[in-house]
Structure formats: C-alpha cells, structure tokens
file protein_32.tsv (TSV, C-alpha atoms and all ligand atoms)
chain	number	residue	atom	x	y	z
R	4	THR	CA	7.15	5.76	-28.92
R	5	PRO	CA	4.87	8.50	-27.68
R	6	LEU	CA	2.26	7.78	-25.09
R	7	LEU	CA	-0.17	9.99	-26.96
R	8	ALA	CA	-0.02	10.60	-30.70
R	9	VAL	CA	-2.59	12.96	-32.18
R	10	GLU	CA	-2.41	13.26	-35.95
R	11	ASN	CA	-4.19	15.76	-38.16
R	12	LEU	CA	-7.13	15.79	-35.76
R	13	VAL	CA	-10.32	17.54	-36.80
R	14	VAL	CA	-13.28	18.03	-34.47
R	15	ASP	CA	-16.52	19.69	-35.56
R	16	HIS	CA	-19.23	20.84	-33.19
R	17	ARG	CA	-22.59	20.21	-34.79
R	18	SER	CA	-25.91	21.51	-33.55
R	19	PRO	CA	-29.30	21.61	-35.26
R	20	ASP	CA	-29.73	25.38	-35.19
R	21	ARG	CA	-26.25	26.59	-36.08
R	22	PRO	CA	-23.68	25.99	-38.80
R	23	PRO	CA	-20.99	23.49	-37.82
R	24	VAL	CA	-17.97	24.87	-35.99
R	25	ARG	CA	-14.57	23.39	-36.69
R	26	ALA	CA	-13.18	23.66	-33.16
R	27	VAL	CA	-10.06	21.63	-33.88
R	28	ALA	CA	-8.81	22.10	-37.43
R	29	GLY	CA	-5.97	19.65	-38.08
R	30	VAL	CA	-3.83	19.24	-34.98
R	31	ASP	CA	-0.68	17.16	-34.53
R	32	LEU	CA	0.46	16.67	-30.95
R	33	SER	CA	2.36	14.06	-28.98
R	34	VAL	CA	3.12	13.45	-25.33
R	35	ALA	CA	5.91	11.09	-24.22
R	36	PRO	CA	5.96	9.13	-20.95
R	37	GLY	CA	7.17	11.40	-18.15
R	38	GLU	CA	6.74	14.50	-20.31
R	39	VAL	CA	4.78	17.66	-19.49
R	40	VAL	CA	3.31	19.41	-22.52
R	41	GLY	CA	1.69	22.78	-21.95
R	42	LEU	CA	-1.13	23.75	-24.30
R	43	VAL	CA	-1.80	27.47	-24.28
R	44	GLY	CA	-4.08	29.91	-26.05
R	45	GLU	CA	-6.99	32.23	-25.42
R	46	SER	CA	-10.33	30.74	-24.42
R	47	GLY	CA	-12.39	29.54	-27.34
R	48	CYS	CA	-9.42	28.35	-29.38
R	49	GLY	CA	-10.26	24.64	-29.11
R	50	LYS	CA	-8.06	23.49	-26.23
R	51	SER	CA	-10.86	21.87	-24.22
R	52	THR	CA	-12.37	20.30	-27.31
R	53	LEU	CA	-9.03	18.74	-28.16
R	54	ALA	CA	-8.77	17.39	-24.59
R	55	ARG	CA	-12.27	15.90	-24.73
R	56	ALA	CA	-11.53	14.19	-28.03
R	57	ILE	CA	-8.33	12.69	-26.58
R	58	CYS	CA	-10.38	11.28	-23.69
R	59	GLY	CA	-12.84	9.68	-26.08
R	60	ILE	CA	-15.71	11.84	-24.86
R	61	ILE	CA	-16.35	13.42	-28.25
R	62	ARG	CA	-15.96	11.97	-31.71
R	63	PRO	CA	-13.50	13.56	-34.14
R	64	SER	CA	-14.47	14.20	-37.76
R	65	GLY	CA	-11.03	13.34	-39.03
R	66	GLY	CA	-7.48	12.41	-38.18
R	67	SER	CA	-6.42	9.97	-35.51
R	68	ILE	CA	-5.61	9.69	-31.81
R	69	GLY	CA	-3.29	6.95	-30.63
R	70	PHE	CA	-2.91	6.22	-26.94
R	71	GLU	CA	-0.46	3.60	-25.66
R	72	GLY	CA	-0.10	2.36	-29.20
R	73	ARG	CA	-3.76	1.85	-30.05
R	74	PRO	CA	-6.46	4.07	-31.47
R	75	VAL	CA	-8.81	5.89	-29.11
R	76	THR	CA	-12.37	4.78	-29.77
R	77	PRO	CA	-14.88	7.43	-28.80
R	78	LEU	CA	-17.82	5.90	-26.97
R	79	GLY	CA	-19.07	8.94	-25.07
R	80	LEU	CA	-18.71	9.95	-21.45
R	81	ARG	CA	-20.81	7.19	-19.87
R	82	ARG	CA	-19.42	4.07	-21.48
R	83	ARG	CA	-15.81	4.88	-22.16
R	84	ASP	CA	-13.40	2.37	-23.58
R	85	PRO	CA	-11.95	0.68	-20.43
R	86	ALA	CA	-8.41	1.40	-21.63
R	87	LEU	CA	-9.27	5.09	-21.46
R	88	THR	CA	-9.50	5.02	-17.66
R	89	ARG	CA	-5.72	5.32	-18.01
R	90	ILE	CA	-6.39	8.85	-19.27
R	91	GLN	CA	-7.63	10.97	-16.37
R	92	MET	CA	-8.76	14.57	-16.47
R	93	VAL	CA	-8.57	17.27	-13.84
R	94	PHE	CA	-10.98	20.11	-14.50
R	95	GLN	CA	-11.03	23.81	-13.73
R	96	ASP	CA	-13.57	23.85	-10.96
R	97	PRO	CA	-12.80	21.48	-8.10
R	98	PHE	CA	-16.11	22.42	-6.47
R	99	ALA	CA	-18.14	21.18	-9.41
R	100	SER	CA	-16.16	17.98	-9.81
R	101	LEU	CA	-16.45	16.81	-6.18
R	102	ASN	CA	-19.71	15.67	-4.61
R	103	PRO	CA	-20.38	18.02	-1.65
R	104	ARG	CA	-22.33	15.36	0.25
R	105	ARG	CA	-19.68	12.68	0.35
R	106	ARG	CA	-16.46	12.32	2.29
R	107	VAL	CA	-13.44	12.85	0.08
R	108	GLY	CA	-11.87	9.46	0.90
R	109	GLY	CA	-14.86	7.65	-0.58
R	110	GLN	CA	-14.79	9.79	-3.68
R	111	ILE	CA	-11.12	9.04	-4.21
R	112	ALA	CA	-11.75	5.31	-3.63
R	113	ASP	CA	-14.44	5.29	-6.36
R	114	GLY	CA	-11.88	5.74	-9.09
R	115	ARG	CA	-9.52	3.12	-7.72
R	116	ARG	CA	-8.16	0.57	-10.13
R	117	GLY	CA	-5.43	-1.18	-8.24
R	118	GLY	CA	-3.91	2.09	-7.09
R	119	PRO	CA	-2.96	2.99	-3.52
R	120	PRO	CA	-5.66	3.53	-0.87
R	121	PRO	CA	-7.19	7.03	-0.47
R	122	GLY	CA	-5.12	7.99	2.58
R	123	GLU	CA	-1.89	7.30	0.76
R	124	LEU	CA	-3.07	9.22	-2.30
R	125	LEU	CA	-3.94	12.20	-0.10
R	126	GLU	CA	-0.40	12.14	1.23
R	127	ARG	CA	1.01	12.00	-2.29
R	128	VAL	CA	-0.79	15.23	-3.14
R	129	GLY	CA	0.47	16.98	-0.02
R	130	LEU	CA	-2.53	16.47	2.25
R	131	SER	CA	-2.80	14.00	5.13
R	132	ALA	CA	-4.39	10.56	5.31
R	133	GLY	CA	-6.55	11.68	8.21
R	134	MET	CA	-8.40	14.11	5.94
R	135	ALA	CA	-10.15	11.24	4.09
R	136	GLY	CA	-13.12	11.52	6.43
R	137	ARG	CA	-13.78	15.18	5.70
R	138	TYR	CA	-16.21	16.78	3.26
R	139	PRO	CA	-15.21	19.00	0.30
R	140	HIS	CA	-16.43	22.23	1.96
R	141	GLU	CA	-13.86	21.76	4.72
R	142	PHE	CA	-11.05	22.39	2.23
R	143	SER	CA	-9.72	25.44	0.39
R	144	GLY	CA	-9.88	25.65	-3.41
R	145	GLY	CA	-6.26	24.56	-3.76
R	146	GLN	CA	-6.79	21.62	-1.40
R	147	ARG	CA	-9.91	20.58	-3.30
R	148	GLN	CA	-7.92	20.57	-6.52
R	149	ARG	CA	-5.34	18.36	-4.78
R	150	ILE	CA	-8.19	15.99	-3.88
R	151	ALA	CA	-9.33	15.95	-7.51
R	152	ILE	CA	-5.77	15.07	-8.50
R	153	ALA	CA	-5.68	12.28	-5.88
R	154	ARG	CA	-8.90	10.91	-7.31
R	155	ALA	CA	-7.41	10.96	-10.82
R	156	LEU	CA	-4.29	9.16	-9.56
R	157	ALA	CA	-6.44	6.44	-8.01
R	158	ALA	CA	-7.04	5.11	-11.53
R	159	GLN	CA	-3.27	4.80	-12.08
R	160	PRO	CA	-3.35	6.93	-15.22
R	161	SER	CA	-0.54	6.92	-17.73
R	162	LEU	CA	-1.80	10.26	-19.09
R	163	LEU	CA	-3.16	13.10	-17.02
R	164	ILE	CA	-4.92	15.99	-18.70
R	165	GLY	CA	-5.45	19.18	-16.74
R	166	ASP	CA	-8.02	21.45	-18.42
R	167	GLU	CA	-7.32	24.84	-16.85
R	168	PRO	CA	-6.77	23.07	-13.50
R	169	ILE	CA	-5.40	26.17	-11.79
R	170	SER	CA	-7.54	28.93	-13.31
R	171	ALA	CA	-10.01	29.00	-10.44
R	172	LEU	CA	-7.34	29.06	-7.72
R	173	ASP	CA	-5.65	31.99	-6.02
R	174	ALA	CA	-2.16	32.90	-7.14
R	175	SER	CA	-0.16	31.02	-4.50
R	176	ALA	CA	-2.25	27.84	-4.89
R	177	GLN	CA	-1.86	28.08	-8.68
R	178	ALA	CA	1.90	27.68	-8.60
R	179	GLN	CA	1.74	24.95	-5.96
R	180	VAL	CA	-0.86	22.84	-7.75
R	181	ALA	CA	0.96	23.22	-11.07
R	182	ALA	CA	4.25	22.17	-9.48
R	183	LEU	CA	2.53	19.22	-7.82
R	184	MET	CA	1.11	18.04	-11.15
R	185	ARG	CA	4.56	18.23	-12.66
R	186	SER	CA	6.30	16.33	-9.87
R	187	LEU	CA	3.67	13.57	-9.84
R	188	THR	CA	4.10	13.22	-13.60
R	189	VAL	CA	7.85	12.97	-13.50
R	190	GLU	CA	7.75	10.59	-10.52
R	191	SER	CA	5.24	8.18	-12.00
R	192	GLY	CA	6.44	8.28	-15.61
R	193	ALA	CA	2.96	9.27	-16.76
R	194	GLY	CA	2.49	12.07	-19.27
R	195	LEU	CA	0.79	15.37	-18.54
R	196	LEU	CA	-1.06	17.59	-20.97
R	197	PHE	CA	-1.48	20.82	-19.07
R	198	ILE	CA	-3.98	23.23	-20.60
R	199	SER	CA	-3.88	26.84	-19.52
R	200	HIS	CA	-4.23	30.34	-20.85
R	201	ASP	CA	-1.45	31.37	-18.46
R	202	LEU	CA	1.93	31.08	-20.15
R	203	SER	CA	3.81	32.20	-17.06
R	204	VAL	CA	2.66	29.12	-15.11
R	205	VAL	CA	3.05	26.76	-18.07
R	206	ARG	CA	6.60	27.99	-18.49
R	207	MET	CA	7.45	26.78	-14.99
R	208	ILE	CA	6.30	23.20	-15.45
R	209	ALA	CA	6.23	22.25	-19.14
R	210	ASP	CA	8.97	20.50	-21.11
R	211	ARG	CA	7.34	21.64	-24.34
R	212	ILE	CA	4.81	24.33	-25.12
R	213	ALA	CA	2.17	24.13	-27.84
R	214	VAL	CA	0.40	27.38	-28.74
R	215	MET	CA	-3.10	26.99	-30.13
R	216	TYR	CA	-5.03	29.60	-32.08
R	217	LEU	CA	-8.48	29.10	-33.54
R	218	GLY	CA	-8.30	25.33	-33.81
R	219	LYS	CA	-4.67	25.06	-34.91
R	220	ILE	CA	-1.29	24.73	-33.28
R	221	VAL	CA	0.65	27.73	-34.53
R	222	GLU	CA	3.88	27.10	-32.61
R	223	ILE	CA	5.33	24.16	-30.71
R	224	GLY	CA	8.75	23.67	-29.18
R	225	ARG	CA	10.93	23.21	-26.11
R	226	THR	CA	9.76	25.54	-23.38
R	227	ALA	CA	13.07	27.36	-22.94
R	228	GLU	CA	13.33	28.00	-26.68
R	229	VAL	CA	9.77	29.23	-27.11
R	230	TRP	CA	10.19	31.46	-24.09
R	231	ALA	CA	13.53	32.91	-25.15
R	232	ASP	CA	12.78	33.20	-28.84
R	233	PRO	CA	9.06	33.04	-29.68
R	234	LYS	CA	8.67	32.87	-33.44
R	235	HIS	CA	4.97	33.20	-34.14
R	236	PRO	CA	3.47	36.69	-33.72
R	237	TYR	CA	0.65	35.17	-31.68
R	238	THR	CA	3.10	33.54	-29.27
R	239	ARG	CA	4.93	36.86	-28.97
R	240	ALA	CA	1.67	38.62	-28.21
R	241	LEU	CA	0.78	36.05	-25.53
R	242	LEU	CA	4.19	36.51	-23.93
R	243	ALA	CA	3.86	40.28	-24.05
R	244	ALA	CA	0.44	39.94	-22.43
R	245	ILE	CA	1.85	38.36	-19.28
R	246	PRO	CA	1.31	40.91	-16.55
R	247	ALA	CA	4.34	42.42	-14.89
R	248	PRO	CA	5.00	41.28	-11.30
R	249	ASP	CA	3.37	44.51	-10.06
R	250	GLY	CA	0.15	43.40	-11.77
R	251	ALA	CA	0.31	46.07	-14.46
R	252	GLY	CA	-0.41	45.36	-18.08
R	253	THR	CA	-2.99	43.12	-19.68
R	254	LEU	CA	-3.44	42.64	-23.41
R	255	PRO	CA	-0.90	44.63	-25.38
R	256	ALA	CA	-1.82	46.87	-28.27
R	257	GLU	CA	-0.28	44.37	-30.66
R	258	LEU	CA	-3.05	41.85	-29.98
R	259	PRO	CA	-6.20	43.79	-30.78
R	260	GLY	CA	-9.68	42.32	-30.77
R	261	ASP	CA	-11.01	38.91	-29.83
R	262	VAL	CA	-10.55	35.46	-31.29
R	263	PRO	CA	-12.68	35.48	-34.49
R	264	ASP	CA	-15.82	33.38	-34.82
R	265	PRO	CA	-14.70	29.83	-35.66
R	266	VAL	CA	-17.86	29.37	-37.76
R	267	SER	CA	-16.16	31.36	-40.49
R	268	PRO	CA	-12.44	31.52	-39.73
R	269	PRO	CA	-10.31	34.07	-41.59
R	270	SER	CA	-8.78	32.91	-44.89
R	271	GLY	CA	-5.13	32.01	-45.17
R	272	CYS	CA	-3.43	32.43	-41.81
R	273	ARG	CA	-6.22	32.54	-39.26
R	274	PHE	CA	-4.32	35.10	-37.23
R	275	HIS	CA	-3.97	37.64	-40.05
R	276	PRO	CA	-6.75	40.07	-38.96
R	277	ARG	CA	-4.94	40.56	-35.63
R	278	CYS	CA	-1.35	40.21	-36.78
R	279	PRO	CA	0.89	43.29	-36.80
R	280	HIS	CA	3.10	41.68	-39.46
R	281	ALA	CA	0.44	40.49	-41.89
R	282	MET	CA	1.51	40.51	-45.55
R	283	ASP	CA	-0.51	39.94	-48.73
R	284	ILE	CA	0.19	36.22	-48.78
R	285	CYS	CA	-1.12	35.84	-45.22
R	286	SER	CA	-4.78	36.29	-46.13
R	287	GLU	CA	-4.39	34.24	-49.31
R	288	ARG	CA	-2.56	31.11	-48.30
R	289	GLU	CA	-2.35	29.13	-45.14
R	290	PRO	CA	1.19	28.84	-43.78
R	291	VAL	CA	2.54	25.32	-43.40
R	292	GLN	CA	4.14	24.39	-40.10
R	293	GLU	CA	7.88	24.28	-40.47
R	294	ARG	CA	10.26	23.53	-37.60
R	295	GLY	CA	7.43	24.06	-35.16
R	296	VAL	CA	6.07	27.35	-36.51
R	297	ALA	CA	3.19	28.01	-38.89
R	298	CYS	CA	3.87	31.55	-40.14
R	299	TRP	CA	4.90	33.03	-43.50
R	300	LEU	CA	7.50	35.18	-41.72
R	301	HIS	CA	9.42	32.02	-40.89
R	302	ASP	CA	8.91	30.13	-44.11
R	303	SER	CA	12.12	29.04	-45.75
R	304	ALA	CA	10.65	27.01	-48.59
R	305	PRO	CA	11.06	28.46	-52.08
R	306	GLU	CA	7.87	29.86	-53.62
T	401	LIG	FE1	1.13	37.11	-39.15
T	401	LIG	FE2	1.28	36.29	-41.67
T	401	LIG	FE3	2.61	35.00	-39.78
T	401	LIG	FE4	-0.02	34.83	-39.93
T	401	LIG	S1	1.43	34.08	-41.45
T	401	LIG	S2	1.18	35.13	-38.11
T	401	LIG	S3	-0.58	36.88	-40.56
T	401	LIG	S4	2.94	37.12	-40.46
T	402	MG	MG	-11.54	25.62	-22.24
call {"tool": "encode", "arguments": {"input": "protein_32.tsv", "output": "structure tokens"}}
result
Amino acid sequence: TPLLAVENLVVDHRSPDRPPVRAVAGVDLSVAPGEVVGLVGESGCGKSTLARAICGIIRPSGGSIGFEGRPVTPLGLRRRDPALTRIQMVFQDPFASLNPRRRVGGQIADGRRGGPPPGELLERVGLSAGMAGRYPHEFSGGQRQRIAIARALAAQPSLLIGDEPISALDASAQAQVAALMRSLTVESGAGLLFISHDLSVVRMIADRIAVMYLGKIVEIGRTAEVWADPKHPYTRALLAAIPAPDGAGTLPAELPGDVPDPVSPPSGCRFHPRCPHAMDICSEREPVQERGVACWLHDSAPE
C-alpha cells in the first residue's frame, strides 16, 4: 500500500478580483515507503500547490489524498490535523524558514515528537552536535538547509516533501543536500517527494520521476527509463534544456515561449501551443494517460 495516494486531485485558486485558476487539474500520484519521487516542471505548473494540498494547508476542489491509509483533512496551516505532522516540508529558502534570533538547537527541538534530541539530528544531517548552540547566520546556505531538514526529522515524518529545497543553494551544496535527503529517506523508510525544476539533480536521487505541465502530470515512470527514453515532447524538451557541463545552453529552440496562463489553459493537450509535434487532434482532444504518458503520439487505443 502506498504511503501517499493522490487521486484525480483538483485544486483551484480563488480570489475576489480574478477568475479562478485551476492550478492542479486532475493529478494521480503515489509515494511508497522508502521511495523517492521527483516532481519536475517549470515554475508555475502547480508543483507547490500540489505539495501544499498534500500537507493539508490548502483545500482541494476535487479528488482525494490518502496518507497512511486515511484521507487528508485540510484544516489550514495553523491547526493542522495532528496526523499530518508526519508529513514534513522543507522549503526553498532556509533563511526564511529559520528564526534568525534563536539558536538552531532550540528550533530543531520545537518540532520534536518523540524523535532524537537536536544534537543527534544535527549529526544525522552531517553537522555536529556542538553546533546546536549557534545561530542561523553562522551557517552557510547548504548548512542551513541541513538544519531545516534536521528540524523536519525531529517530527519523525513518514513523508518528507522538499519544495525546491536546493534551488537557493550553490551547485556543490545542491548535490550534497539532495543526496542527503535521499539517504535519510532510504534509511528511515519514509517517503520523499522531491520537487525541483532541475531534472539533472532529480535524476540522481529519484526512483521515479513525474513531469508536471500546467496542472497535469504528462509523464511518469522509473527514473532510468524516463531519462533514457523520454516519451512526452515536454519531457524531451526539459531534458534537452539541461545545460551542458561547460554551462552552455539554456532553453532549446524546441521549447519556445512560457507556460501559458492557467486561467485559460489551451484546449486539448495543454502543451500543444509549444509542441513541435502538435497534430490536429492535439488542440481538439485531451490525450489520456497511457502507460505513464499523456500524449497523442504515444496513444495506442483505436479511434
Ligand atoms: Fe504534442 Fe500532441 Fe503530444 Fe500534446 S498530445 S505533447 S501537442 S504531440
Ligand atoms: Mg513552486
């Protein structure tokens, strides 16, 4: 049984002065104990919204989220369902998530629910117990993110969600922090949903990769398979966009333009205005996900 089971999830952002935005438009996703799932896609495609719904911070408009065999009940950030402390998030900016005026040991201890003491948690994330008495500004960005991870572990989570946890770090710290999150996950038997726009890092740590575009998962599969044989044109474009080791190359010509406005998503396949392989059917009918890919190029069902 999966630790996390998201089924046909829909999340709308509503505000008084704008039309509603369907940020998550029917997503299925699971995470098993001890599994690392990488969720990739450009910014604005709904990854963070999906994560916040899983944590019970925002209320979905449809579908369901099961965690440890029971439904997630959204109660908002302040009074979360107590069971949801077993889902812990690590955010992009470790500066913003740590209190600059308090020693890190105390901040780690705050989240403790039967877990090891702060010094031991600091050691588990590759720092030393003696650092508990220091303040956040005495650490580098990568060390601060390790502290944020230690604080998350203090709650003994069974699911860890990293929302772009390495995006604000320098290149060497990125790989180290990502590898740390993977090893802690495998060691503890917890699950990890690792959100990033950087496929090259996700590739190193994820068992499965889910590719999200404009509120939908367009491709999902084992990491090695997606990497070796990406099926969806969007996945291929993301892979082609990975810069060469010399730093050359950004977005390739085959992925023109930005993610469209989710207020009025394109008809049919939402990727069709940017897709180099778009056919007539693509703007008319939405492709159904088959064997992990939602694309008419890979549809085997008879018309
Ligand atoms: Fe491109 Fe059509 Fe596939 Fe969408 S369904 S990704 S437009 S080929
Ligand atoms: Mg985001």
call {"tool": "residues_near_point", "arguments": {"input": "protein_32.tsv", "point": "(4.2, 18.1, -26.7)", "cutoff": "9 Å", "atoms": "all atoms listed in the file", "output": "list in words"}}
result
Leu32, Ser33, Val34, Ala35, Glu38, Val39, Val40, Gly41, Leu42, Leu196, Ala209, Asp210, Arg211, Ile212, Ala213, Ile223, Gly224 and Arg225 of chain R
call {"tool": "write_last_selection", "arguments": {"input": "protein_32.tsv", "atoms": "C-alpha atoms", "output": "compact mmCIF listing (two decimals), in the frame of the given file"}}
result
# COMPACT_ATOMS: atom_id res chain seq x y z
CA LEU R 32 0.46 16.67 -30.95
CA SER R 33 2.36 14.06 -28.98
CA VAL R 34 3.12 13.45 -25.33
CA ALA R 35 5.91 11.09 -24.22
CA GLU R 38 6.74 14.50 -20.31
CA VAL R 39 4.78 17.66 -19.49
CA VAL R 40 3.31 19.41 -22.52
CA GLY R 41 1.69 22.78 -21.95
CA LEU R 42 -1.13 23.75 -24.30
CA LEU R 196 -1.06 17.59 -20.97
CA ALA R 209 6.23 22.25 -19.14
CA ASP R 210 8.97 20.50 -21.11
CA ARG R 211 7.34 21.64 -24.34
CA ILE R 212 4.81 24.33 -25.12
CA ALA R 213 2.17 24.13 -27.84
CA ILE R 223 5.33 24.16 -30.71
CA GLY R 224 8.75 23.67 -29.18
CA ARG R 225 10.93 23.21 -26.11
call {"tool": "residues_around", "arguments": {"input": "protein_32.tsv", "residues": "Ser100 (chain R)", "least_positions_apart": "4", "cutoff": "10 Å", "atoms": "all atoms listed in the file", "output": "number ranges by chain"}}
result
R: 93-96, 147-148, 151
call {"tool": "residues_near_ligand", "arguments": {"input": "protein_32.tsv", "ligand": "ligand LIG 401 (chain T)", "cutoff": "6 Å", "atoms": "all atoms listed in the file", "output": "PyMOL selection string"}}
result
chain R and resi 235-236+272+274-275+278+280-282+285+290+298-300
call {"tool": "closest_residue", "arguments": {"input": "protein_32.tsv", "among": "R:Ser143, R:Ser161, R:Ser175, R:Ser170", "to": "ligand MG 402 (chain T)", "atoms": "all atoms listed in the file"}}
result
R:Ser170
call {"tool": "atom_distance", "arguments": {"input": "protein_32.tsv", "atom1": "CA of Ser131 (chain R)", "atom2": "CA of Pro168 (chain R)"}}
result
21.1 Å
call {"tool": "residues_near_ligand", "arguments": {"input": "protein_32.tsv", "ligand": "ligand MG 402 (chain T)", "cutoff": "6 Å", "atoms": "all atoms listed in the file", "output": "PDB file with C-alpha atoms, in the coordinates of the input"}}
result
ATOM      1  CA  SER R  46     -10.330  30.740 -24.420  1.00  0.00           C
ATOM      2  CA  LYS R  50      -8.060  23.490 -26.230  1.00  0.00           C
ATOM      3  CA  SER R  51     -10.860  21.870 -24.220  1.00  0.00           C
TER       4      SER R  51
END
call {"tool": "residues_near_point", "arguments": {"input": "protein_32.tsv", "point": "(-0.9, 2.5, -30.6)", "cutoff": "9 Å", "atoms": "only C-alpha atoms", "output": "MDAnalysis selection string"}}
result
chainID R and resid 4:8 68:75
call {"tool": "closest_residue", "arguments": {"input": "protein_32.tsv", "among": "R:Glu126, R:Glu222, R:Glu190, R:Asp201", "to": "Ala297 (chain R)", "atoms": "only C-alpha atoms"}}
result
R:Glu222
call {"tool": "residues_around", "arguments": {"input": "protein_32.tsv", "residues": "Met215 (chain R)", "least_positions_apart": "4", "cutoff": "8 Å", "atoms": "all atoms listed in the file", "output": "list in words"}}
result
Leu42, Val43, Gly44, Cys48, Gly49, Lys50, Lys219, Ile220, Val221 and Glu222 of chain R
call {"tool": "closest_residue", "arguments": {"input": "protein_32.tsv", "among": "R:Val27, R:Ala112, R:Ala243, R:Val291", "to": "Ala54 (chain R)", "atoms": "all atoms listed in the file"}}
result
R:Val27
call {"tool": "closest_residue", "arguments": {"input": "protein_32.tsv", "among": "R:Ala86, R:Leu12, R:Ala227, R:Ile111", "to": "Ser67 (chain R)", "atoms": "all atoms listed in the file"}}
result
R:Leu12
call {"tool": "closest_residue", "arguments": {"input": "protein_32.tsv", "among": "R:Ala244, R:Gln159, R:Met92, R:Pro23", "to": "Ile198 (chain R)", "atoms": "all atoms listed in the file"}}
result
R:Met92
call {"tool": "residues_around", "arguments": {"input": "protein_32.tsv", "residues": "Gly29 (chain R)", "least_positions_apart": "2", "cutoff": "10 Å", "atoms": "all atoms listed in the file", "output": "number ranges by chain"}}
result
R: 9-14, 25-27, 31, 65-66, 218-220
call {"tool": "atom_distance", "arguments": {"input": "protein_32.tsv", "atom1": "CA of Tyr216 (chain R)", "atom2": "CA of Val262 (chain R)"}}
result
8.1 Å
call {"tool": "closest_residue", "arguments": {"input": "protein_32.tsv", "among": "R:Leu217, R:Val180, R:Glu167, R:Val296", "to": "Gly144 (chain R)", "atoms": "only C-alpha atoms"}}
result
R:Val180
call {"tool": "build_atoms", "arguments": {"input": "protein_32.tsv", "residues": "region 35-52 of chain R", "atoms": "N, CA and C atoms", "output": "CSV table (one decimal), in the coordinates of the input"}}
result
chain,number,residue,atom,x,y,z
R,35,ALA,N,5.1,12.3,-24.5
R,35,ALA,CA,5.9,11.1,-24.2
R,35,ALA,C,5.7,10.7,-22.7
R,36,PRO,N,6.0,9.5,-22.4
R,36,PRO,CA,6.0,9.1,-21.0
R,36,PRO,C,6.9,10.0,-20.1
R,37,GLY,N,6.4,10.5,-19.0
R,37,GLY,CA,7.2,11.4,-18.2
R,37,GLY,C,7.3,12.8,-18.6
R,38,GLU,N,6.6,13.2,-19.7
R,38,GLU,CA,6.7,14.5,-20.3
R,38,GLU,C,5.6,15.4,-19.9
R,39,VAL,N,5.8,16.7,-19.7
R,39,VAL,CA,4.8,17.7,-19.5
R,39,VAL,C,4.7,18.5,-20.7
R,40,VAL,N,3.5,18.5,-21.4
R,40,VAL,CA,3.3,19.4,-22.5
R,40,VAL,C,2.3,20.4,-22.1
R,41,GLY,N,2.6,21.7,-22.3
R,41,GLY,CA,1.7,22.8,-22.0
R,41,GLY,C,1.0,23.2,-23.2
R,42,LEU,N,-0.3,23.3,-23.2
R,42,LEU,CA,-1.1,23.8,-24.3
R,42,LEU,C,-1.8,25.1,-23.9
R,43,VAL,N,-1.3,26.1,-24.6
R,43,VAL,CA,-1.8,27.5,-24.3
R,43,VAL,C,-2.5,28.1,-25.4
R,44,GLY,N,-3.3,29.2,-25.1
R,44,GLY,CA,-4.1,29.9,-26.0
R,44,GLY,C,-5.2,30.6,-25.4
R,45,GLU,N,-5.8,31.6,-26.0
R,45,GLU,CA,-7.0,32.2,-25.4
R,45,GLU,C,-8.2,31.3,-25.3
R,46,SER,N,-9.2,31.6,-24.5
R,46,SER,CA,-10.3,30.7,-24.4
R,46,SER,C,-11.1,30.8,-25.8
R,47,GLY,N,-11.7,29.6,-26.1
R,47,GLY,CA,-12.4,29.5,-27.3
R,47,GLY,C,-11.5,29.1,-28.5
R,48,CYS,N,-10.3,28.7,-28.3
R,48,CYS,CA,-9.4,28.4,-29.4
R,48,CYS,C,-9.4,26.8,-29.6
R,49,GLY,N,-10.1,26.1,-28.8
R,49,GLY,CA,-10.3,24.6,-29.1
R,49,GLY,C,-9.5,23.7,-28.2
R,50,LYS,N,-8.9,24.3,-27.1
R,50,LYS,CA,-8.1,23.5,-26.2
R,50,LYS,C,-8.9,22.4,-25.5
R,51,SER,N,-10.0,22.8,-25.0
R,51,SER,CA,-10.9,21.9,-24.2
R,51,SER,C,-11.4,20.8,-25.2
R,52,THR,N,-11.8,21.3,-26.3
R,52,THR,CA,-12.4,20.3,-27.3
R,52,THR,C,-11.3,19.2,-27.7
